[in-house]
Amino acid sequence: MRNWSDLEHICINCSKCGLCQTRHNVVFGVGPKDADVMFIGEGPGEQEDLQGIPFVGPAGKLLDDMLSIVDLSRENCYIANIVKCRPPKNRDPLETEQDACIGYLRNQVALIQPKIIVCLGRIAAQRVIDPEFRITRQHGSWVERNGVWMSATFHPSALLRDVSKRPEAFSDLLSIREKIREIGARI
Ligand code: URA
C-alpha cells in the first residue's frame, strides 16, 4: 500500500491503459482523507476531465443536490471513480481499463478506511460489490464486508435521463442516512 502523496503522484502520471492518451486530467478523487462515507462513480465525463475533479458536470450538480438531502456534501464524504481518466465519448470503461485502474481505488479505500461505501450505478456496483449486481433490483440493499457497509444507488446520469427512478433513489438516500445513524458514522 502506498501513502497518499506517492499514490496521487503515481496515479496522476499513470499510463497503464489507453485512456491516458486522450485525457486532459487524471480525476483522482475529492473529499476528506478520513471520511467515513465514500461514494464511487464510474469514470470522469467531459467536465471532470477538463477540471480534474469528480462529478462537476450536470450529473455532479444532481449528486450534490442528492447528497444535501441527507446532510452529506463534498466536505464530509470522499468521492472517487472506478477509472480515473475519461473514456472517449463517455463510453463505459472497458474491463481492461478498469483492471488497470482499480488498484488506485483499492489503495484509496485502504487509506481512507470508510465505514460506508455507496456505489453510483451499475459499473461501480458490479466492480465493488458483486460482478452480478443488478442495479434495478438490488439498489438500496446493504452488504457488510470486512467491517465496511456497502450499497449502491442509481447513477445521477441515469436519474437525469429517467426521472421516474428518482423516488427510488430518494429512498436509497434515506437508507444511507439511516445506516450512518445506525453505525454512528461521522459526517
Ligand atoms: N460520472 C461518473 O461516474 N463520475 C464522474 O466523476 C462524473 C460523471
# chains A, B, ... in the order shown; residues from 1 in each chain; ligands from 1

$ residues_around --residues "Glu144 in chain A" --least-positions-apart "4" --cutoff "10 Å" --atoms "only C-alpha atoms" --output "PyMOL selection string"
chain A and resi 115-117+129+148-151

$ closest_atom_pairs --of "chain A" --to "ligand 1" --cutoff "6 Å" --atoms "only C-alpha atoms and all ligand atoms" --output "JSON lines"
{"residue": "A:Gly41", "atom": "CA", "partner": "ligand 1", "partner_atom_place_in_ligand_line": "3 (O)", "distance": 3.8}
{"residue": "A:Glu42", "atom": "CA", "partner": "ligand 1", "partner_atom_place_in_ligand_line": "3 (O)", "distance": 3.5}
{"residue": "A:Gly43", "atom": "CA", "partner": "ligand 1", "partner_atom_place_in_ligand_line": "4 (N)", "distance": 4.3}
{"residue": "A:Pro44", "atom": "CA", "partner": "ligand 1", "partner_atom_place_in_ligand_line": "6 (O)", "distance": 4.1}
{"residue": "A:Gly45", "atom": "CA", "partner": "ligand 1", "partner_atom_place_in_ligand_line": "8 (C)", "distance": 4.9}
{"residue": "A:Glu48", "atom": "CA", "partner": "ligand 1", "partner_atom_place_in_ligand_line": "6 (O)", "distance": 5.8}
{"residue": "A:Pro54", "atom": "CA", "partner": "ligand 1", "partner_atom_place_in_ligand_line": "6 (O)", "distance": 3.5}
{"residue": "A:Phe55", "atom": "CA", "partner": "ligand 1", "partner_atom_place_in_ligand_line": "6 (O)", "distance": 3.9}
{"residue": "A:Ala59", "atom": "CA", "partner": "ligand 1", "partner_atom_place_in_ligand_line": "8 (C)", "distance": 5.9}
{"residue": "A:Asn81", "atom": "CA", "partner": "ligand 1", "partner_atom_place_in_ligand_line": "4 (N)", "distance": 5.7}

$ select_by_dssp --residues "range 39-144 of chain A" --states "strand (DSSP E or B)" --output "list in words"
Phe39, Ile40, Gly41, Cys77, Tyr78, Ile79, Ala80, Asn81, Ile116, Ile117, Val118, Cys119, Leu120, Val143 and Glu144 of chain A

$ write_last_selection --atoms "N, CA, C and O atoms" --output "short mmCIF file (atom, residue, chain, number, x, y, z; two decimals), in the first residue's frame"
data_model
loop_
_atom_site.label_atom_id
_atom_site.label_comp_id
_atom_site.auth_asym_id
_atom_site.auth_seq_id
_atom_site.Cartn_x
_atom_site.Cartn_y
_atom_site.Cartn_z
N PHE A 39 -18.31 7.69 -1.79
CA PHE A 39 -19.12 7.43 -2.99
C PHE A 39 -18.19 7.08 -4.14
O PHE A 39 -17.16 7.74 -4.32
N ILE A 40 -18.60 6.08 -4.91
CA ILE A 40 -17.77 5.66 -6.03
C ILE A 40 -18.58 5.68 -7.33
O ILE A 40 -19.60 4.98 -7.44
N GLY A 41 -18.13 6.50 -8.26
CA GLY A 41 -18.77 6.58 -9.58
C GLY A 41 -18.04 5.71 -10.58
O GLY A 41 -17.20 4.87 -10.22
N CYS A 77 -17.80 13.72 2.72
CA CYS A 77 -17.58 12.38 2.15
C CYS A 77 -16.54 12.44 1.04
O CYS A 77 -16.29 13.50 0.47
N TYR A 78 -15.95 11.29 0.78
CA TYR A 78 -14.93 11.21 -0.26
C TYR A 78 -15.60 10.68 -1.53
O TYR A 78 -16.41 9.75 -1.47
N ILE A 79 -15.26 11.29 -2.66
CA ILE A 79 -15.87 10.90 -3.94
C ILE A 79 -14.77 10.52 -4.92
O ILE A 79 -13.83 11.30 -5.15
N ALA A 80 -14.89 9.31 -5.46
CA ALA A 80 -13.88 8.84 -6.43
C ALA A 80 -14.59 8.03 -7.51
O ALA A 80 -15.80 7.83 -7.47
N ASN A 81 -13.82 7.56 -8.46
CA ASN A 81 -14.37 6.78 -9.57
C ASN A 81 -13.60 5.48 -9.75
O ASN A 81 -12.46 5.35 -9.29
N ILE A 116 -18.70 3.28 5.28
CA ILE A 116 -19.79 3.09 4.33
C ILE A 116 -19.28 3.42 2.92
O ILE A 116 -18.65 4.46 2.72
N ILE A 117 -19.57 2.51 1.98
CA ILE A 117 -19.25 2.79 0.57
C ILE A 117 -20.54 2.72 -0.23
O ILE A 117 -21.28 1.72 -0.14
N VAL A 118 -20.83 3.77 -0.99
CA VAL A 118 -22.03 3.77 -1.83
C VAL A 118 -21.58 3.85 -3.29
O VAL A 118 -20.88 4.79 -3.69
N CYS A 119 -21.96 2.85 -4.06
CA CYS A 119 -21.62 2.82 -5.48
C CYS A 119 -22.71 3.57 -6.26
O CYS A 119 -23.90 3.40 -5.99
N LEU A 120 -22.27 4.36 -7.23
CA LEU A 120 -23.21 5.10 -8.06
C LEU A 120 -23.29 4.41 -9.41
O LEU A 120 -22.38 4.52 -10.23
N VAL A 143 -24.71 -4.76 2.09
CA VAL A 143 -23.88 -5.91 2.49
C VAL A 143 -22.73 -5.37 3.33
O VAL A 143 -22.27 -4.25 3.11
N GLU A 144 -22.30 -6.19 4.29
CA GLU A 144 -21.14 -5.79 5.09
C GLU A 144 -19.97 -6.68 4.70
O GLU A 144 -20.13 -7.90 4.63
#

$ residues_around --residues "Leu67 in chain A" --least-positions-apart "4" --cutoff "12 Å" --atoms "only C-alpha atoms" --output "list in words"
Val37, Met38, Phe39, Gly60, Lys61, Leu62, Leu63, Asp71, Leu72, Ser73, Arg74, Glu75, Asn76, Cys77, Tyr78, Ile79, Val118, Pro156, Ala169, Phe170, Asp172, Leu173, Leu174, Ile176, Arg177 and Ile187 of chain A

$ write_last_selection --atoms "C-alpha atoms" --output "PDB file, in the first residue's frame"
ATOM      1  CA  VAL A  37     -18.630   7.742   3.883  1.00  0.00           C
ATOM      2  CA  MET A  38     -17.313   7.200   0.365  1.00  0.00           C
ATOM      3  CA  PHE A  39     -19.121   7.426  -2.987  1.00  0.00           C
ATOM      4  CA  GLY A  60     -22.379  16.167 -10.432  1.00  0.00           C
ATOM      5  CA  LYS A  61     -24.810  19.001  -9.813  1.00  0.00           C
ATOM      6  CA  LEU A  62     -27.535  16.445  -9.244  1.00  0.00           C
ATOM      7  CA  LEU A  63     -25.219  14.399  -6.997  1.00  0.00           C
ATOM      8  CA  ASP A  71     -26.738  16.270   5.119  1.00  0.00           C
ATOM      9  CA  LEU A  72     -23.860  14.947   3.037  1.00  0.00           C
ATOM     10  CA  SER A  73     -21.524  17.037   0.923  1.00  0.00           C
ATOM     11  CA  ARG A  74     -18.051  17.111  -0.581  1.00  0.00           C
ATOM     12  CA  GLU A  75     -16.904  18.358   2.821  1.00  0.00           C
ATOM     13  CA  ASN A  76     -17.893  15.202   4.676  1.00  0.00           C
ATOM     14  CA  CYS A  77     -17.581  12.376   2.153  1.00  0.00           C
ATOM     15  CA  TYR A  78     -14.929  11.205  -0.263  1.00  0.00           C
ATOM     16  CA  ILE A  79     -15.870  10.901  -3.937  1.00  0.00           C
ATOM     17  CA  VAL A 118     -22.026   3.771  -1.828  1.00  0.00           C
ATOM     18  CA  PRO A 156     -27.044  10.534 -11.216  1.00  0.00           C
ATOM     19  CA  ALA A 169     -33.103   6.961  -5.425  1.00  0.00           C
ATOM     20  CA  PHE A 170     -34.596   9.144  -2.696  1.00  0.00           C
ATOM     21  CA  ASP A 172     -31.848   4.846  -1.119  1.00  0.00           C
ATOM     22  CA  LEU A 173     -30.593   8.176   0.240  1.00  0.00           C
ATOM     23  CA  LEU A 174     -32.778   7.817   3.301  1.00  0.00           C
ATOM     24  CA  ILE A 176     -27.835   5.727   3.629  1.00  0.00           C
ATOM     25  CA  ARG A 177     -28.797   8.314   6.234  1.00  0.00           C
ATOM     26  CA  ILE A 187     -20.473  13.149   8.826  1.00  0.00           C
TER      27      ILE A 187
END

$ residues_around --residues "range 5-21 of chain A" --least-positions-apart "6" --cutoff "8 Å" --atoms "only C-alpha atoms" --output "ChimeraX atom specification"
/A:28,85-88,96-97,100-101,104,107

$ write_last_selection --atoms "N, CA, C and O atoms" --output "CSV table (one decimal), in the first residue's frame"
chain,number,residue,atom,x,y,z
A,28,PHE,N,-8.5,12.2,-9.7
A,28,PHE,CA,-8.1,11.3,-8.7
A,28,PHE,C,-9.2,11.0,-7.6
A,28,PHE,O,-9.5,9.9,-7.3
A,85,CYS,N,-9.5,8.2,-15.6
A,85,CYS,CA,-9.4,9.0,-16.8
A,85,CYS,C,-10.7,8.9,-17.7
A,85,CYS,O,-11.3,7.8,-17.6
A,86,ARG,N,-11.1,9.9,-18.4
A,86,ARG,CA,-12.3,9.9,-19.2
A,86,ARG,C,-12.3,8.9,-20.3
A,86,ARG,O,-11.4,9.0,-21.2
A,87,PRO,N,-13.3,8.0,-20.4
A,87,PRO,CA,-13.4,7.2,-21.6
A,87,PRO,C,-14.0,8.0,-22.7
A,87,PRO,O,-14.9,8.8,-22.5
A,88,PRO,N,-13.4,7.9,-23.9
A,88,PRO,CA,-13.8,8.8,-25.0
A,88,PRO,C,-15.3,8.7,-25.2
A,88,PRO,O,-15.9,7.6,-25.1
A,96,THR,N,-10.6,-4.0,-19.3
A,96,THR,CA,-9.1,-3.9,-19.2
A,96,THR,C,-8.7,-2.6,-18.6
A,96,THR,O,-7.8,-2.5,-17.8
A,97,GLU,N,-9.5,-1.5,-18.9
A,97,GLU,CA,-9.2,-0.2,-18.3
A,97,GLU,C,-9.6,-0.2,-16.8
A,97,GLU,O,-8.8,0.3,-16.0
A,100,ALA,N,-6.8,-2.1,-15.0
A,100,ALA,CA,-5.6,-1.3,-14.9
A,100,ALA,C,-5.7,-0.3,-13.8
A,100,ALA,O,-4.7,0.1,-13.2
A,101,CYS,N,-6.9,0.2,-13.6
A,101,CYS,CA,-7.1,1.4,-12.7
A,101,CYS,C,-7.5,1.0,-11.3
A,101,CYS,O,-7.3,1.8,-10.3
A,104,TYR,N,-5.7,1.7,-7.8
A,104,TYR,CA,-5.7,3.1,-7.2
A,104,TYR,C,-6.9,3.3,-6.2
A,104,TYR,O,-6.7,3.8,-5.2
A,107,ASN,N,-6.3,1.2,-3.1
A,107,ASN,CA,-5.4,1.9,-2.2
A,107,ASN,C,-6.1,3.1,-1.6
A,107,ASN,O,-5.8,3.4,-0.4

$ select_by_dssp --residues "range 12-145 of chain A" --states "helix (DSSP H, G or I)" --output "JSON, numbers by chain"
{"A": [12, 18, 19, 20, 21, 46, 47, 48, 49, 50, 51, 58, 59, 60, 61, 62, 63, 64, 65, 66, 67, 68, 69, 88, 89, 90, 95, 96, 97, 98, 99, 100, 101, 102, 103, 104, 105, 106, 107, 108, 109, 110, 111, 112, 122, 123, 124, 125, 126, 127, 128, 135, 136, 137, 138]}

$ closest_residue --among "A:Gln108, A:Pro58, A:Met66, A:Val27" --to "Arg166 in chain A" --atoms "only C-alpha atoms"
A:Met66

$ atom_distance --atom1 "CA of Ile53 in chain A" --atom2 "CA of Ala110 in chain A"
20.8 Å

$ residues_around --residues "Ala152 in chain A" --least-positions-apart "3" --cutoff "8 Å" --atoms "only C-alpha atoms" --output "ChimeraX atom specification"
/A:118-121,125,135,138-141
